[in-house]
$ cat run-v7.cif   # mmCIF, C-alpha atoms and all ligand atoms
data_protein
#
loop_
_atom_site.label_atom_id
_atom_site.label_comp_id
_atom_site.auth_asym_id
_atom_site.auth_seq_id
_atom_site.Cartn_x
_atom_site.Cartn_y
_atom_site.Cartn_z
CA MET A 1 -147.43 11.90 -92.76
CA ALA A 2 -146.21 8.70 -94.33
CA HIS A 3 -147.76 9.03 -97.76
CA TYR A 4 -145.61 10.12 -100.62
CA ARG A 5 -147.03 12.81 -102.84
CA ARG A 6 -145.66 14.51 -105.96
CA LEU A 7 -147.06 17.61 -107.64
CA GLY A 8 -145.80 19.70 -110.56
CA GLU A 9 -142.37 19.41 -112.09
CA VAL A 10 -139.57 17.69 -110.19
CA PRO A 11 -136.33 16.33 -111.66
CA PRO A 12 -135.86 12.56 -111.96
CA LYS A 13 -133.03 12.62 -109.41
CA ARG A 14 -133.05 14.72 -106.25
CA HIS A 15 -130.35 17.35 -105.80
CA THR A 16 -129.69 17.57 -109.54
CA GLN A 17 -130.13 20.41 -112.00
CA HIS A 18 -133.73 21.40 -112.62
CA ARG A 19 -134.27 24.26 -115.07
CA ASP A 20 -137.15 26.34 -116.36
CA PRO A 21 -137.91 26.54 -120.10
CA ASP A 22 -135.45 29.47 -120.42
CA GLY A 23 -132.64 27.47 -118.87
CA ARG A 24 -132.64 29.10 -115.44
CA LEU A 25 -132.06 26.84 -112.48
CA TYR A 26 -134.84 26.37 -109.97
CA PHE A 27 -133.84 26.60 -106.30
CA GLU A 28 -134.28 23.38 -104.36
CA GLU A 29 -135.41 23.55 -100.72
CA LEU A 30 -135.67 20.61 -98.31
CA MET A 31 -138.35 21.02 -95.64
CA GLY A 32 -137.46 18.27 -93.20
CA GLU A 33 -138.58 17.49 -89.68
CA GLU A 34 -136.35 16.42 -86.78
CA GLY A 35 -133.18 17.48 -88.49
CA PHE A 36 -132.84 15.20 -91.48
CA SER A 37 -134.32 12.24 -89.61
CA SER A 38 -138.08 12.35 -90.22
CA ASP A 39 -140.63 13.27 -92.89
CA SER A 40 -139.57 15.79 -95.49
CA SER A 41 -140.40 17.25 -98.86
CA LEU A 42 -138.26 18.78 -101.61
CA LEU A 43 -139.62 21.98 -103.11
CA TYR A 44 -138.41 23.67 -106.31
CA HIS A 45 -138.67 27.46 -106.22
CA ARG A 46 -138.40 30.03 -109.00
CA GLY A 47 -136.89 32.50 -106.51
CA VAL A 48 -134.41 32.12 -103.68
CA PRO A 49 -136.40 31.00 -100.61
CA SER A 50 -133.94 32.75 -98.28
CA ALA A 51 -134.05 36.19 -99.95
CA ILE A 52 -135.47 38.58 -97.35
CA VAL A 53 -135.31 42.35 -97.60
CA GLY A 54 -136.87 43.27 -94.26
CA SER A 55 -137.45 42.03 -90.71
CA GLU A 56 -139.67 43.81 -88.20
CA VAL A 57 -141.51 42.99 -85.00
CA TRP A 58 -145.00 41.59 -85.40
CA GLU A 59 -146.88 42.28 -82.17
CA LEU A 60 -148.84 39.15 -81.33
CA PRO A 61 -152.24 39.35 -79.69
CA ASP A 62 -152.29 38.87 -75.91
CA GLN A 63 -150.60 35.55 -75.12
CA SER A 64 -150.82 35.92 -71.34
CA ARG A 65 -151.83 32.87 -69.31
CA THR A 66 -153.48 32.63 -65.89
CA PRO A 67 -153.03 29.46 -63.82
CA ASN A 68 -156.15 27.46 -62.97
CA HIS A 69 -155.78 28.30 -59.30
CA PRO A 70 -157.70 27.73 -57.08
CA LEU A 71 -158.43 24.53 -58.95
CA LYS A 72 -161.85 24.36 -60.62
CA PRO A 73 -163.55 22.73 -63.58
CA ARG A 74 -164.33 25.48 -66.05
CA HIS A 75 -166.98 26.22 -68.64
CA LEU A 76 -165.97 28.72 -71.33
CA LYS A 77 -168.58 29.96 -73.80
CA LEU A 78 -166.73 30.54 -77.05
CA HIS A 79 -169.79 31.75 -78.92
CA ASP A 80 -169.84 34.73 -76.56
CA LEU A 81 -166.22 35.60 -77.36
CA PRO A 82 -165.93 38.61 -79.67
CA THR A 83 -162.97 38.46 -82.02
CA GLY A 84 -161.57 40.44 -84.89
CA THR A 85 -162.11 38.87 -88.28
CA ASP A 86 -158.64 37.77 -89.34
CA ALA A 87 -158.05 34.01 -89.30
CA VAL A 88 -154.47 34.41 -88.08
CA THR A 89 -153.91 37.72 -86.32
CA ASP A 90 -157.24 37.91 -84.49
CA ARG A 91 -157.11 34.54 -82.73
CA ARG A 92 -157.84 34.92 -79.03
CA LEU A 93 -156.02 32.61 -76.65
CA VAL A 94 -158.46 30.44 -74.70
CA LEU A 95 -156.22 27.86 -73.01
CA GLY A 96 -152.54 27.04 -73.17
CA ASN A 97 -149.44 25.52 -71.65
CA ASN A 98 -145.90 24.99 -72.84
CA ASP A 99 -146.94 22.18 -75.21
CA VAL A 100 -150.08 23.47 -76.91
CA ARG A 101 -152.25 26.56 -77.18
CA ILE A 102 -155.93 26.68 -78.10
CA SER A 103 -157.36 29.84 -79.59
CA TYR A 104 -160.55 30.87 -81.33
CA VAL A 105 -161.56 33.29 -84.04
CA VAL A 106 -164.62 34.03 -86.15
CA THR A 107 -163.35 35.24 -89.50
CA GLY A 108 -164.77 37.57 -92.08
CA THR A 109 -164.17 36.92 -95.77
CA GLU A 110 -160.90 38.78 -96.21
CA ALA A 111 -157.72 36.78 -96.79
CA SER A 112 -155.36 36.55 -93.82
CA PRO A 113 -151.77 37.77 -94.11
CA TYR A 114 -149.21 35.25 -95.27
CA TYR A 115 -148.22 33.35 -92.16
CA ARG A 116 -145.85 30.70 -90.91
CA ASN A 117 -145.88 29.06 -87.49
CA ALA A 118 -142.27 28.19 -86.67
CA ILE A 119 -143.14 26.81 -83.23
CA GLY A 120 -145.05 23.69 -84.23
CA ASP A 121 -147.79 22.15 -86.33
CA GLU A 122 -151.25 23.64 -86.32
CA CYS A 123 -154.47 21.63 -86.25
CA VAL A 124 -157.32 24.03 -86.93
CA TYR A 125 -160.80 22.61 -86.40
CA VAL A 126 -163.37 24.31 -88.62
CA GLU A 127 -166.51 24.68 -86.52
CA SER A 128 -168.32 26.37 -89.41
CA GLY A 129 -167.58 28.02 -92.74
CA THR A 130 -165.89 27.20 -96.02
CA GLY A 131 -162.91 28.52 -97.89
CA VAL A 132 -159.39 27.59 -98.87
CA VAL A 133 -155.96 27.65 -97.33
CA GLU A 134 -153.33 28.69 -99.84
CA THR A 135 -149.96 27.17 -99.05
CA VAL A 136 -146.51 26.89 -100.54
CA PHE A 137 -147.45 23.27 -101.40
CA GLY A 138 -150.74 24.18 -103.13
CA VAL A 139 -154.29 25.01 -102.13
CA ILE A 140 -156.50 22.93 -99.84
CA GLY A 141 -160.21 23.54 -99.42
CA TYR A 142 -161.85 23.53 -96.03
CA ARG A 143 -165.41 23.07 -94.74
CA ALA A 144 -167.19 22.59 -91.44
CA GLY A 145 -165.92 19.55 -89.56
CA ASP A 146 -162.45 19.65 -91.07
CA TYR A 147 -159.24 19.46 -89.16
CA VAL A 148 -156.76 21.49 -91.20
CA ILE A 149 -153.27 20.21 -90.45
CA VAL A 150 -150.56 22.72 -91.34
CA PRO A 151 -147.01 21.49 -90.73
CA ARG A 152 -144.61 23.70 -88.83
CA ALA A 153 -142.91 26.34 -91.00
CA THR A 154 -145.39 26.02 -93.87
CA THR A 155 -146.04 29.44 -95.40
CA HIS A 156 -149.77 29.81 -95.92
CA ARG A 157 -152.78 32.08 -95.66
CA TRP A 158 -156.46 31.56 -94.95
CA VAL A 159 -158.96 32.71 -97.60
CA PRO A 160 -162.48 32.23 -96.20
CA ALA A 161 -165.33 32.07 -98.71
CA GLU A 162 -167.70 32.86 -95.86
CA PRO A 163 -167.30 33.78 -92.19
CA SER A 164 -165.68 30.81 -90.47
CA GLN A 165 -165.46 29.76 -86.83
CA LEU A 166 -161.96 28.38 -86.31
CA TYR A 167 -160.68 26.52 -83.25
CA ALA A 168 -156.92 26.57 -83.56
CA ILE A 169 -154.83 23.94 -81.77
CA GLU A 170 -151.25 25.18 -82.03
CA ALA A 171 -148.63 22.66 -80.93
CA ASN A 172 -145.04 23.11 -79.88
CA SER A 173 -144.42 19.83 -81.70
CA HIS A 174 -145.69 17.86 -84.65
CA ILE A 175 -149.26 16.58 -84.93
CA ALA A 176 -149.83 13.16 -86.50
CA PRO A 177 -152.06 10.10 -86.35
CA PRO A 178 -151.49 8.05 -83.18
CA LYS A 179 -148.59 5.65 -83.55
CA ARG A 180 -150.74 2.68 -82.57
CA TYR A 181 -152.87 3.28 -85.70
CA LEU A 182 -149.84 2.88 -87.93
CA SER A 183 -147.88 -0.03 -89.32
CA ARG A 184 -144.17 0.07 -88.57
CA TYR A 185 -143.73 1.70 -91.98
CA GLY A 186 -146.46 4.26 -91.43
CA GLN A 187 -149.57 2.90 -93.14
CA LEU A 188 -152.87 3.34 -91.30
CA LEU A 189 -153.92 -0.08 -90.00
CA GLU A 190 -157.30 -1.83 -90.28
CA HIS A 191 -158.26 -1.05 -86.68
CA ALA A 192 -157.71 2.68 -87.17
CA PRO A 193 -160.97 4.67 -87.40
CA TYR A 194 -159.84 6.39 -90.61
CA CYS A 195 -157.48 5.71 -93.47
CA GLU A 196 -155.42 7.40 -96.13
CA ARG A 197 -158.42 7.91 -98.42
CA ASP A 198 -159.85 10.30 -95.87
CA LEU A 199 -156.88 12.70 -95.93
CA TYR A 200 -156.97 15.51 -98.49
CA GLY A 201 -153.79 17.29 -99.51
CA PRO A 202 -153.13 19.79 -102.31
CA GLU A 203 -153.96 18.54 -105.81
CA GLN A 204 -151.77 20.92 -107.79
CA THR A 205 -149.04 23.46 -107.27
CA PHE A 206 -149.95 27.10 -106.72
CA THR A 207 -147.66 29.88 -107.91
CA GLN A 208 -148.05 33.64 -107.55
CA GLU A 209 -146.08 36.62 -108.82
CA GLY A 210 -144.96 39.36 -106.48
CA GLU A 211 -142.15 41.36 -104.92
CA ASP A 212 -141.60 42.50 -101.35
CA VAL A 213 -144.15 40.10 -99.91
CA GLU A 214 -144.66 40.13 -96.14
CA VAL A 215 -144.88 36.90 -94.17
CA LEU A 216 -145.78 36.85 -90.47
CA VAL A 217 -143.68 34.35 -88.55
CA LYS A 218 -144.66 33.11 -85.10
CA HIS A 219 -141.58 31.82 -83.30
CA ARG A 220 -139.89 31.47 -79.93
CA THR A 221 -137.11 33.29 -78.18
CA SER A 222 -135.88 33.18 -74.60
CA ALA A 223 -138.59 35.81 -74.00
CA GLY A 224 -141.32 33.37 -75.02
CA ILE A 225 -143.58 33.39 -78.05
CA VAL A 226 -143.03 36.34 -80.35
CA GLY A 227 -143.78 37.42 -83.91
CA THR A 228 -141.66 38.73 -86.75
CA ARG A 229 -142.73 40.27 -90.03
CA LEU A 230 -140.32 39.12 -92.74
CA THR A 231 -140.39 40.71 -96.18
CA TYR A 232 -139.40 38.45 -99.06
CA ALA A 233 -137.86 39.78 -102.25
CA THR A 234 -140.10 37.54 -104.35
CA HIS A 235 -143.38 35.81 -103.71
CA PRO A 236 -142.99 32.76 -101.43
CA PHE A 237 -145.62 30.90 -103.49
CA ASP A 238 -143.25 30.20 -106.37
CA VAL A 239 -142.96 26.41 -106.15
CA VAL A 240 -143.22 24.71 -109.56
CA GLY A 241 -143.03 21.21 -108.13
CA TRP A 242 -142.46 19.29 -104.93
CA ASP A 243 -142.48 15.75 -103.67
CA GLY A 244 -142.23 14.02 -100.32
CA CYS A 245 -144.18 13.08 -97.25
CA LEU A 246 -144.52 16.50 -95.61
CA TYR A 247 -147.45 18.70 -96.67
CA PRO A 248 -150.69 20.15 -95.32
CA TYR A 249 -153.91 18.18 -95.44
CA THR A 250 -157.45 18.07 -94.12
CA PHE A 251 -159.46 15.36 -92.43
CA ASN A 252 -163.22 15.69 -91.84
CA ILE A 253 -164.99 14.30 -88.79
CA GLU A 254 -167.62 12.75 -91.08
CA ASP A 255 -164.90 10.39 -92.27
CA TYR A 256 -164.12 9.20 -88.74
CA MET A 257 -165.72 5.81 -88.08
CA PRO A 258 -166.42 5.64 -84.33
CA ILE A 259 -165.57 2.45 -82.47
CA THR A 260 -168.33 1.31 -80.11
CA GLY A 261 -168.70 -1.47 -77.56
CA LYS A 262 -170.99 -3.57 -75.41
CA VAL A 263 -170.13 -1.31 -72.49
CA HIS A 264 -168.73 2.21 -72.38
CA GLN A 265 -165.57 2.66 -74.43
CA PRO A 266 -162.82 4.91 -73.06
CA PRO A 267 -161.70 8.07 -74.87
CA PRO A 268 -158.61 6.51 -76.53
CA VAL A 269 -160.92 4.73 -79.02
CA HIS A 270 -161.99 8.19 -80.14
CA GLN A 271 -158.48 9.48 -80.74
CA VAL A 272 -157.70 11.15 -84.04
CA PHE A 273 -154.28 12.82 -83.64
CA GLU A 274 -151.44 13.17 -81.18
CA GLY A 275 -148.74 15.72 -80.49
CA HIS A 276 -146.03 15.90 -77.86
CA ASN A 277 -147.73 15.79 -74.46
CA PHE A 278 -151.27 15.99 -75.82
CA VAL A 279 -153.85 14.06 -77.84
CA VAL A 280 -156.86 15.05 -79.94
CA CYS A 281 -160.00 12.89 -79.79
CA ASN A 282 -163.49 13.35 -81.23
CA PHE A 283 -166.79 12.09 -79.88
CA LEU A 284 -169.16 11.74 -82.80
CA PRO A 285 -172.70 10.54 -83.53
CA ARG A 286 -172.73 6.79 -82.91
CA LYS A 287 -174.62 3.79 -81.65
CA VAL A 288 -173.88 3.33 -77.98
CA ASP A 289 -173.36 0.46 -75.59
CA TYR A 290 -175.54 -2.61 -76.10
CA HIS A 291 -175.18 -4.56 -72.85
CA PRO A 292 -178.72 -4.73 -71.41
CA LEU A 293 -177.58 -3.03 -68.19
CA SER A 294 -175.06 -0.66 -69.72
CA ILE A 295 -174.79 2.97 -68.72
CA PRO A 296 -174.04 4.82 -71.94
CA VAL A 297 -172.63 8.02 -70.43
CA PRO A 298 -169.14 7.87 -68.91
CA TYR A 299 -168.33 6.76 -65.40
CA TYR A 300 -166.71 9.34 -63.16
CA HIS A 301 -163.04 9.49 -63.88
CA SER A 302 -159.96 11.09 -62.46
CA ASN A 303 -157.56 11.86 -65.28
CA VAL A 304 -154.58 11.46 -63.00
CA ASP A 305 -152.05 12.69 -65.51
CA SER A 306 -153.96 15.09 -67.73
CA ASP A 307 -156.22 18.08 -68.20
CA GLU A 308 -159.21 17.43 -70.45
CA VAL A 309 -160.71 20.02 -72.79
CA MET A 310 -163.97 19.33 -74.57
CA PHE A 311 -165.27 21.62 -77.31
CA TYR A 312 -168.94 20.93 -78.02
CA VAL A 313 -169.55 21.36 -81.74
CA GLY A 314 -172.73 19.49 -82.65
CA GLY A 315 -175.85 17.80 -81.33
CA ASP A 316 -176.71 17.54 -77.68
CA TYR A 317 -173.98 16.27 -75.41
CA GLU A 318 -175.58 13.60 -73.20
CA ALA A 319 -173.15 13.60 -70.30
CA ARG A 320 -173.33 17.35 -69.79
CA LYS A 321 -177.12 17.66 -69.55
CA GLY A 322 -178.01 19.92 -66.65
CA SER A 323 -174.69 21.76 -66.69
CA GLY A 324 -175.43 24.80 -68.85
CA ILE A 325 -173.08 23.53 -71.54
CA GLY A 326 -174.25 23.92 -75.12
CA LEU A 327 -172.90 24.35 -78.62
CA GLY A 328 -169.77 26.45 -78.65
CA SER A 329 -168.96 25.62 -75.04
CA ILE A 330 -165.63 24.38 -73.77
CA SER A 331 -165.31 22.36 -70.58
CA LEU A 332 -161.98 22.11 -68.83
CA HIS A 333 -161.72 19.21 -66.40
CA PRO A 334 -158.29 19.45 -64.85
CA GLY A 335 -156.03 16.85 -63.31
CA GLY A 336 -156.46 16.60 -59.55
CA TYR A 337 -160.25 16.63 -59.87
CA ALA A 338 -162.57 13.68 -60.67
CA HIS A 339 -165.28 14.50 -63.17
CA GLY A 340 -168.15 12.76 -64.88
CA PRO A 341 -171.73 13.23 -65.93
CA GLN A 342 -174.05 15.65 -64.24
CA PRO A 343 -176.13 13.35 -61.95
CA SER A 344 -179.34 13.74 -63.92
CA ALA A 345 -177.56 12.67 -67.11
CA VAL A 346 -176.83 9.16 -65.84
CA GLU A 347 -180.46 8.12 -65.40
CA ALA A 348 -181.47 9.96 -68.56
CA SER A 349 -179.01 7.94 -70.61
CA LEU A 350 -180.31 4.46 -69.64
CA GLY A 351 -181.76 2.65 -72.62
CA VAL A 352 -180.52 5.24 -75.11
CA GLU A 353 -179.17 3.55 -78.23
CA TYR A 354 -177.71 6.43 -80.16
CA PHE A 355 -175.84 9.60 -79.21
CA GLU A 356 -176.30 12.54 -81.54
CA GLU A 357 -173.33 14.52 -80.26
CA SER A 358 -170.10 15.92 -81.60
CA ALA A 359 -167.22 17.18 -79.50
CA VAL A 360 -163.52 17.70 -80.08
CA MET A 361 -161.33 16.85 -77.13
CA VAL A 362 -157.78 17.85 -76.33
CA ASP A 363 -156.13 16.04 -73.43
CA THR A 364 -152.89 17.53 -72.23
CA PHE A 365 -150.31 15.92 -69.98
CA ALA A 366 -149.33 19.24 -68.40
CA PRO A 367 -151.77 21.59 -66.69
CA LEU A 368 -153.52 24.16 -68.84
CA ASP A 369 -153.63 27.84 -68.02
CA LEU A 370 -156.47 30.12 -69.01
CA GLY A 371 -155.87 32.57 -71.83
CA GLU A 372 -157.37 36.03 -71.80
CA GLY A 373 -160.09 34.88 -74.21
CA GLY A 374 -161.05 31.98 -71.98
CA LEU A 375 -161.27 34.16 -68.90
CA ALA A 376 -163.48 36.62 -70.76
CA VAL A 377 -166.25 34.08 -71.37
CA GLU A 378 -166.21 31.85 -68.29
CA ASP A 379 -169.51 30.67 -66.78
CA PRO A 380 -168.65 30.88 -63.06
CA ALA A 381 -171.54 28.63 -61.99
CA TYR A 382 -170.30 25.51 -63.80
CA ALA A 383 -168.03 24.20 -61.06
CA TRP A 384 -170.93 23.72 -58.69
CA THR A 385 -173.38 21.98 -61.05
CA TRP A 386 -172.64 18.44 -59.81
CA ALA A 387 -173.42 19.35 -56.21
CA GLY A 388 -176.34 21.58 -57.05
CA ARG A 389 -175.08 24.33 -54.82
CA GLY A 390 -172.05 26.56 -54.61
CA PRO A 391 -170.46 29.09 -52.28
CA ASP A 392 -172.43 32.09 -53.52
CA ASP A 393 -175.91 30.79 -54.25
CA PRO A 394 -176.55 27.55 -52.43
CA ALA A 395 -179.71 26.32 -54.14
CA VAL A 396 -179.90 27.44 -57.73
CA PHE A 397 -179.35 24.09 -59.41
CA SER A 398 -181.86 21.27 -59.39
CA ASN A 399 -179.96 18.45 -61.10
CA SER A 400 -183.19 16.56 -61.22
FE FE B 501 -163.62 13.12 -69.18
#
$ encode --input "run-v7.cif" --output "structure tokens"
Amino acid sequence: MAHYRRLGEVPPKRHTQHRDPDGRLYFEELMGEEGFSSDSSLLYHRGVPSAIVGSEVWELPDQSRTPNHPLKPRHLKLHDLPTGTDAVTDRRLVLGNNDVRISYVVTGTEASPYYRNAIGDECVYVESGTGVVETVFGVIGYRAGDYVIVPRATTHRWVPAEPSQLYAIEANSHIAPPKRYLSRYGQLLEHAPYCERDLYGPEQTFTQEGEDVEVLVKHRTSAGIVGTRLTYATHPFDVVGWDGCLYPYTFNIEDYMPITGKVHQPPPVHQVFEGHNFVVCNFLPRKVDYHPLSIPVPYYHSNVDSDEVMFYVGGDYEARKGSGIGLGSISLHPGGYAHGPQPSAVEASLGVEYFEESAVMVDTFAPLDLGEGGLAVEDPAYAWTWAGRGPDDPAVFSNS
């Protein structure tokens, strides 16, 4: 995040004395990425940010992964996936590899525990619902269509105002706008489909009183992904001021301006974010190709180097007509397998001028495994919908 932001009280010079009205020093903390070599912020705490009084195991929900073997395209029906109601602890793992994990939860209206992901940034797509995310930097509101970007190690909690469907993309890295959208100094360029005005960070600091406050920390050991429950002597939300270029923010898909063309445009024009070894794209309502002989739905494509995950979040997805896919569905089209529209969708798309569809795509450069949540809601017939017949029931699909 290249944009400098300053909230609350900070001293004129960094690393100098900063005192409260009673003369007590505030405690300065640098949150900095990539050692001291990338974006950072300086936060001024009333309490000591290192003062813990307890450390216990936090048992994470099932993180097991099953390889996609034998290789198949998959259809996972997230709206059929029952979850607990906590935005953090009740996420069910749908897909994952060593770079990124995708999980899903339908919240209630209770606040989540205080939480910090020490493995990487989180990009949580809000399928539905409203509420706020309280963070050590301040409070950000969320609504349907938002990507909520929470930088690694940011202490926060989710406070839904109403039940919310959350699609959590948890990286093992940072998540940022694609480099090709940025000037060499980090400003979003004219050809980018969104700009700084579309990013919403905290507007004011947010301080709370409290002692012995628990924070759940997701982190890694040689045994894999684990959780720890740290207890802090004083409330971690005690920041009276901060400044820098590292903070949480939201971006709504309504503010994404799709790029269209005379013939079909490839997915990179729909990219919104990138992490290490994966990208996030969104396919949104838009005018489509205007060549008189254009075919608006995609050509068949073999993603030689990636697995492709589509999450269908709005409208009627043209290329998947005849496949059983609907709102709340995920399709996984893995590397090693060419995919494209269901045959009936190609003819049906000719002459169409506008697609009323919304989907969030994650492309990974390493194969994705299935999480326990994904396996629980798989539609086993999907793989055979292009051919119209499969090994078990040879003539159930018409594709006409
Ligand atoms: Fe594709």
$ residues_near_ligand --input "run-v7.cif" --ligand "ligand FE 501 (chain B)" --cutoff "7 Å" --atoms "only C-alpha atoms and all ligand atoms" --output "list in words"
His301, Glu308, His333, His339 and Gly340 of chain A
$ residues_around --input "run-v7.cif" --residues "Ala171 in chain A" --least-positions-apart "3" --cutoff "9 Å" --atoms "all atoms listed in the file" --output "ChimeraX atom specification"
/A:98-102,119-123,152,174-175,275-276,278
$ atom_distance --input "run-v7.cif" --atom1 "CA of Ala111 in chain A" --atom2 "CA of Phe273 in chain A"
27.5 Å
$ residues_near_point --input "run-v7.cif" --point "(-168.7, 34.4, -85.9)" --cutoff "7 Å" --atoms "all atoms listed in the file" --output "PyMOL selection string"
chain A and resi 106-107+163-165
$ atom_distance --input "run-v7.cif" --atom1 "CA of Pro380 in chain A" --atom2 "CA of Ile325 in chain A"
12.1 Å
$ closest_residue --input "run-v7.cif" --among "A:Pro258, A:Ser331, A:Pro343, A:Pro177" --to "Leu189 in chain A" --atoms "all atoms listed in the file"
A:Pro177
$ atom_distance --input "run-v7.cif" --atom1 "CA of Arg65 in chain A" --atom2 "CA of Phe311 in chain A"
19.3 Å
$ closest_atom_pairs --input "run-v7.cif" --of "range 152-235 of chain A" --to "range 141-145 of chain A" --cutoff "10 Å" --atoms "only C-alpha atoms" --output "tab-separated table"
residue	atom	partner	partner_atom	distance
A:Trp158	CA	A:Tyr142	CA	9.7
A:Val159	CA	A:Gly141	CA	9.4
A:Pro160	CA	A:Tyr142	CA	8.7
A:Ala161	CA	A:Tyr142	CA	9.6
A:Ser164	CA	A:Ala144	CA	8.4
A:Gln165	CA	A:Ala144	CA	8.7
A:Leu166	CA	A:Ala144	CA	9.3
A:Tyr200	CA	A:Gly141	CA	8.7
A:Gly201	CA	A:Gly141	CA	9.0
A:Pro202	CA	A:Gly141	CA	8.5
$ residues_near_point --input "run-v7.cif" --point "(-179.5, 3.4, -67.8)" --cutoff "8 Å" --atoms "all atoms listed in the file" --output "list in words"
Leu293, Ser294, Ile295, Pro296, Val346, Glu347, Ala348, Ser349, Leu350, Gly351 and Val352 of chain A
$ write_last_selection --input "run-v7.cif" --atoms "C-alpha atoms" --output "mmCIF file, keeping the file's coordinate frame"
data_model
loop_
_atom_site.group_PDB
_atom_site.id
_atom_site.type_symbol
_atom_site.label_atom_id
_atom_site.label_comp_id
_atom_site.auth_asym_id
_atom_site.auth_seq_id
_atom_site.Cartn_x
_atom_site.Cartn_y
_atom_site.Cartn_z
ATOM 1 C CA LEU A 293 -177.580 -3.030 -68.190
ATOM 2 C CA SER A 294 -175.060 -0.660 -69.720
ATOM 3 C CA ILE A 295 -174.790 2.970 -68.720
ATOM 4 C CA PRO A 296 -174.040 4.820 -71.940
ATOM 5 C CA VAL A 346 -176.830 9.160 -65.840
ATOM 6 C CA GLU A 347 -180.460 8.120 -65.400
ATOM 7 C CA ALA A 348 -181.470 9.960 -68.560
ATOM 8 C CA SER A 349 -179.010 7.940 -70.610
ATOM 9 C CA LEU A 350 -180.310 4.460 -69.640
ATOM 10 C CA GLY A 351 -181.760 2.650 -72.620
ATOM 11 C CA VAL A 352 -180.520 5.240 -75.110
#
$ closest_residue --input "run-v7.cif" --among "A:Pro236, A:Pro285, A:Pro178, A:Gly96" --to "Leu368 in chain A" --atoms "all atoms listed in the file"
A:Gly96
$ closest_residue --input "run-v7.cif" --among "A:Gly373, A:Pro248, A:Pro367, A:Pro70" --to "Ile330 in chain A" --atoms "only C-alpha atoms"
A:Gly373
$ closest_residue --input "run-v7.cif" --among "A:Val288, A:Ser344, A:Gly314, A:Ile225" --to "Gly388 in chain A" --atoms "all atoms listed in the file"
A:Ser344
$ closest_residue --input "run-v7.cif" --among "A:Ile253, A:Val240, A:Ala383, A:Leu42" --to "Gly324 in chain A" --atoms "all atoms listed in the file"
A:Ala383
$ closest_residue --input "run-v7.cif" --among "A:Val105, A:Leu76, A:Ile259, A:Val150" --to "Pro193 in chain A" --atoms "only C-alpha atoms"
A:Ile259
$ residues_around --input "run-v7.cif" --residues "Met257 in chain A" --least-positions-apart "2" --cutoff "12 Å" --atoms "only C-alpha atoms" --output "number ranges by chain"
A: 190-195, 198, 252-255, 259-260, 269-272, 282-287
$ residues_around --input "run-v7.cif" --residues "Pro12 in chain A" --least-positions-apart "5" --cutoff "12 Å" --atoms "all atoms listed in the file" --output "list in words"
Arg6, Gln17, His18, Gly241, Trp242 and Asp243 of chain A
$ closest_atom_pairs --input "run-v7.cif" --of "range 38-76 of chain A" --to "range 86-90 of chain A" --cutoff "12 Å" --atoms "all atoms listed in the file" --output "Markdown table"
| residue | atom | partner | partner_atom | distance |
| --- | --- | --- | --- | --- |
| A:Trp58 | CA | A:Thr89 | CA | 9.8 |
| A:Glu59 | CA | A:Thr89 | CA | 9.4 |
| A:Leu60 | CA | A:Thr89 | CA | 7.3 |
| A:Pro61 | CA | A:Thr89 | CA | 7.0 |
| A:Asp62 | CA | A:Asp90 | CA | 10.0 |
| A:Gln63 | CA | A:Asp90 | CA | 11.7 |
$ residues_around --input "run-v7.cif" --residues "His15 in chain A" --least-positions-apart "5" --cutoff "12 Å" --atoms "only C-alpha atoms" --output "PDB file with C-alpha atoms, keeping the file's coordinate frame"
ATOM      1  CA  VAL A  10    -139.570  17.690-110.190  1.00  0.00           C
ATOM      2  CA  LEU A  25    -132.060  26.840-112.480  1.00  0.00           C
ATOM      3  CA  TYR A  26    -134.840  26.370-109.970  1.00  0.00           C
ATOM      4  CA  PHE A  27    -133.840  26.600-106.300  1.00  0.00           C
ATOM      5  CA  GLU A  28    -134.280  23.380-104.360  1.00  0.00           C
ATOM      6  CA  GLU A  29    -135.410  23.550-100.720  1.00  0.00           C
ATOM      7  CA  LEU A  30    -135.670  20.610 -98.310  1.00  0.00           C
ATOM      8  CA  LEU A  42    -138.260  18.780-101.610  1.00  0.00           C
ATOM      9  CA  LEU A  43    -139.620  21.980-103.110  1.00  0.00           C
ATOM     10  CA  TYR A  44    -138.410  23.670-106.310  1.00  0.00           C
TER      11      TYR A  44
END
